[in-house]
Amino acid sequence: MTTVTSPVRAARGPRPSVPAVPARVRRSSLRKRLELTLLLGPALLLFAGFVLVPIGIAAFYSLFNWNGFGALDDFVGFDNYADAFTGSVFQGAIGHNLIIAGLSIVVQLPLSIGLALLLNRKLRGRAVLRALVFAPYVLSEAITAVIWLLMLQPGGFMDQLLKGVGLGGLIHQWVADPGLVLYTLFAVITWKYIGFGIILLLAGLQGVPAELREAAALDGASAWQTTRHVVLPLLGPTIRIWVFLSVIGSLQLFDLVWIMTLGGPANASTTMATYLIDHGFKRYEFGFGSAVAVILFVICFVFALLYQRFALRRDTEGALTRMVG
Amino acid sequence: MRSRRFGLSMGYLAAIVVLGVTVVPLLFVLLGGFRTNAQINTDPAGLPGPWVWDNYTAVLGSGAFWTFLGNSALIAVIATVLAVALGSMAGYALSRYHFKGREAFYTLFTLGLLFPLGVATLPLYLWLRQLGMLESFWGVAIPEAAFSLPVTIVILRPFMHAIPGELEDAAVLDGASRLGFFWRILLPLSAPALTTVAVLAFVTSWNAYLLPLLVFNDSAHFTLPLGVATFQSQYSQDTARVLAFTALSMIPALAFFVLAERRIVGGLTGSVKG
């Protein structure tokens with residue numbers, strides 16, 4: 001055994017709470033700096049080069065009128081931003097994102113909580129059930145979109161199913177009706193993501209001690225009262241995280257909409273992200289598209305900061321420190 | 001007692017409804033691939049009768065499916081290896097070294113959690129064009145790895161931090177350098193967390209649609225999500241074939257999920273559970 005350890009360090013013995021700053025390292029601070037560069041450098045380079053730089057160049061391009069080719073010489077200041085905000089299509093897109101986010105909270109959340117509570121029993125085949133419920137979540141949005149496009153074809157599977165159970169009157173142009181298309185998309189989103197909510201809440205429910213429920217029951221609380229006043233408050237952190245992920249996801253909705261409707265018909269299902277790609281990429285309005293990208297960043301960023309500040313404050317400690325698989 | 005039994009039967013009812021809604025669309029696709037277009041047109045919700053294998057064999061024999069599958073796998077593997085390798089090195093530096101600005105670096109990475117790839121894609125596309133990385137697998141895999149770094153580091157840092165300092169002291173006594181400790185002791189001990197972040201990075205890359213859509217023009221480079229969407233619009237008249245293609249592209253994700261279910265569910269719920 002070759003011992004290069006300094007005797008000072010060995011004599012002092014281990015200090016369990018502080019992750020070791022051996023005297024040796026302090027002496028060879030050059031070596032430590034080298035190691036840090038070696039360890040941290042590549043990740044920082046990758047992160048800066050492909051996450052931070054694009055954000056920076058988007059902010060820069062957004063000040064120009066630019067078709068993506070030729071010189072950047074048509075400086076327009078904040079005109080692109082003004083154009084985006086005053087355009088009715090973009091206003092509509094923001095509205096659609098907000099409707100999806102709102103519907104998620106009003107419809108998906110209670111549905112997930114209700115189903116998780118019902119499924120949180122010793123049901124036979126529980127493991128299989130949990131796996132199957134989660135299956136749509138692992139499929140890509142592209143596959144999900146294609147599946148539902150095929151099911152919702154006029155006169156297709158869904159229509160025949162409705163007719164079969166005597167609900168033929170409900171048949172609609174699911175993705176071609178401008179008044180309905182957003183809700184159709186929401187239903188598909190729910191199908192894909194509800195399993196995630198249920199699994200998350202079931203995991204949260206396992207953290208609710210059975211003793212608490214029993215104590216509440218002994219004190220004469222009804223099942224509903226126990227759920228409302230004991231279980232739900234304890235699910236608080238899980239619910240708050242779910243709301244966060246769900247809103248951020250709704251604000252960035254793209255794949256599903258792009259494949260199912262391209263934002264149509266007549267912009268009835270345009271989202272901020274489809275608007276961004278439609279203008280920036282399809283119509284070569286790169287300056288304008290960059291401005292929309294920056295707007296989308298800022299909206300997500302502001303929401304995240306506010307939510308972090310006001311809703312997650314109590315939970316972040318636990319959420320960040322216990323993030324271990 | 002009565003209410004408990006009532007609750008249990010409601011539980012089963014909920015289970016059946018949830019199962020039905022989840023599984024029926026998947027079965028529609030799988031079984032539809034075994035039907036002919038004539039069968040589908042006359043009875044969209046029917047079962048195969050007779051069963052035909054032509055759609056599946058045509059897709060499997062066409063080559064396009066295998067190309068997409070290979071591209072997806074290659075990109076996902078590169079992205080995962082990069083994210084886990086660089087993320088674990090950074091996680092080690094940020095959890096077990098003391099230096100000025102450590103928390104600032106960590107905060108910088110966590111900020112990345114707020115910028116998922118989807119939002120940054122257009123500027124990223126412009127940047128990749130400037131770097132000459134369009135139409136290249138690296139042009140998709142490297143940004144995907146970069147965007148996976150934040151969650152990788154956020155999961156790995158506390159895990160590595162929790163590994164007892166005595167182990168490091170013992171390793172140092174035995175003559176290991178700090179890098180030796182990282183490589184020979186810390187990484188093997190972090191295996192559960194490493195698996196979790198690897199699975200998350202892999203699934204994210206595997207399912208990505210927007211970045212490959214912008215970077216790849218040549219269908220020989222397409223990934224599976226891109227391929228499914230393109231196939232659907234190309235063969236919109238041949239529903240049976242589209243169903244077979246879609247069914248086959250679901251299989252890798254579902255199989256991977258069955259194998260790694262505990263990791264995926266554990267990773268996701270663990271990473272957000274308060």
# chains A, B, ... in the order shown; residues from 1 in each chain; ligands from 1
>>> residues_around(residues="B:Leu187", least_positions_apart="3", cutoff="12 Å", atoms="only C-alpha atoms", output="ChimeraX atom specification")
/B:84-85,87-89,91-92,156,159-160,163,179-184,190-195
>>> residues_around(residues="A:Leu201", least_positions_apart="3", cutoff="8 Å", atoms="only C-alpha atoms", output="MDAnalysis selection string")
chainID A and resid 112:113 116 197:198 204:205 235 238:239
>>> closest_residue(among="B:Phe216, B:Phe222, B:Tyr209, B:Phe105", to="A:Phe47", atoms="only C-alpha atoms")
B:Phe105
>>> closest_atom_pairs(of="stretch 87-148 of chain A", to="stretch 18-42 of chain B", cutoff="8 Å", atoms="only C-alpha atoms", output="tab-separated table")
residue	atom	partner	partner_atom	distance
A:Leu129	CA	B:Leu19	CA	7.1
A:Leu132	CA	B:Leu19	CA	7.1
A:Val133	CA	B:Thr22	CA	6.3
A:Ala135	CA	B:Thr22	CA	8.0
A:Pro136	CA	B:Thr22	CA	7.2
A:Ile147	CA	B:Val29	CA	6.9
A:Trp148	CA	B:Pro25	CA	7.7
>>> residues_around(residues="A:Arg124", least_positions_apart="5", cutoff="12 Å", atoms="only C-alpha atoms", output="VMD selection string")
(chain A and resid 119 129 to 130) or (chain B and resid 8 to 9 11 to 12 15 to 16)
>>> select_by_dssp(residues="stretch 71-258 of chain B", states="alpha helix (DSSP H)", output="ChimeraX atom specification")
/B:71-96,102-111,117-131,137-161,165-173,178-181,187-189,191-207,210-215,224-234,239-258
>>> residues_around(residues="A:Ile248", least_positions_apart="2", cutoff="12 Å", atoms="only C-alpha atoms", output="JSON, numbers by chain")
{"A": [97, 98, 100, 101, 102, 104, 105, 241, 242, 243, 244, 245, 246, 250, 251, 252, 253, 296, 297, 298, 299, 300, 301, 302, 303, 304, 305, 307], "B": [113, 114, 115, 116, 118, 119]}
>>> closest_atom_pairs(of="stretch 123-227 of chain B", to="stretch 261-278 of chain A", cutoff="12 Å", atoms="only C-alpha atoms", output="Markdown table")
| residue | atom | partner | partner_atom | distance |
| --- | --- | --- | --- | --- |
| B:Pro123 | CA | A:Ile277 | CA | 10.6 |
| B:Tyr125 | CA | A:Ile277 | CA | 10.9 |
| B:Leu210 | CA | A:Ile277 | CA | 9.3 |
| B:Leu211 | CA | A:Ile277 | CA | 11.0 |
| B:Leu213 | CA | A:Ile277 | CA | 10.6 |
| B:Leu214 | CA | A:Ile277 | CA | 9.3 |
>>> write_last_selection(atoms="C-alpha atoms", output="PDB file, in the first residue's frame")
ATOM      1  CA  PRO B 123     -32.704  29.729 -32.144  1.00  0.00           C
ATOM      2  CA  TYR B 125     -31.634  25.607 -35.356  1.00  0.00           C
ATOM      3  CA  LEU B 210     -39.255  19.079 -33.004  1.00  0.00           C
ATOM      4  CA  LEU B 211     -35.458  19.215 -33.089  1.00  0.00           C
ATOM      5  CA  LEU B 213     -37.861  17.908 -37.624  1.00  0.00           C
ATOM      6  CA  LEU B 214     -35.855  21.086 -38.060  1.00  0.00           C
TER       7      LEU B 214
END
>>> residues_around(residues="A:Pro54", least_positions_apart="6", cutoff="9 Å", atoms="only C-alpha atoms", output="ChimeraX atom specification")
/A:48 /B:120-127
>>> closest_residue(among="A:Ile143, A:Val231, A:Leu45, A:Ala84", to="A:Ile259", atoms="only C-alpha atoms")
A:Ile143
>>> closest_residue(among="B:Thr230, B:Arg241, B:Ile185, B:Phe256", to="B:Ser62", atoms="only C-alpha atoms")
B:Arg241
>>> atom_distance(atom1="atom CA of A:Leu118", atom2="atom CA of B:Gly7")
7.4 Å
>>> atom_distance(atom1="atom CA of A:Val138", atom2="atom CA of B:Asn207")
8.2 Å
>>> residues_around(residues="stretch 158-165 of chain A", least_positions_apart="4", cutoff="10 Å", atoms="only C-alpha atoms", output="JSON, numbers by chain")
{"A": [148, 150, 151, 152, 153, 154, 169, 170, 171, 172, 173, 174], "B": [25, 43, 44, 45, 46]}
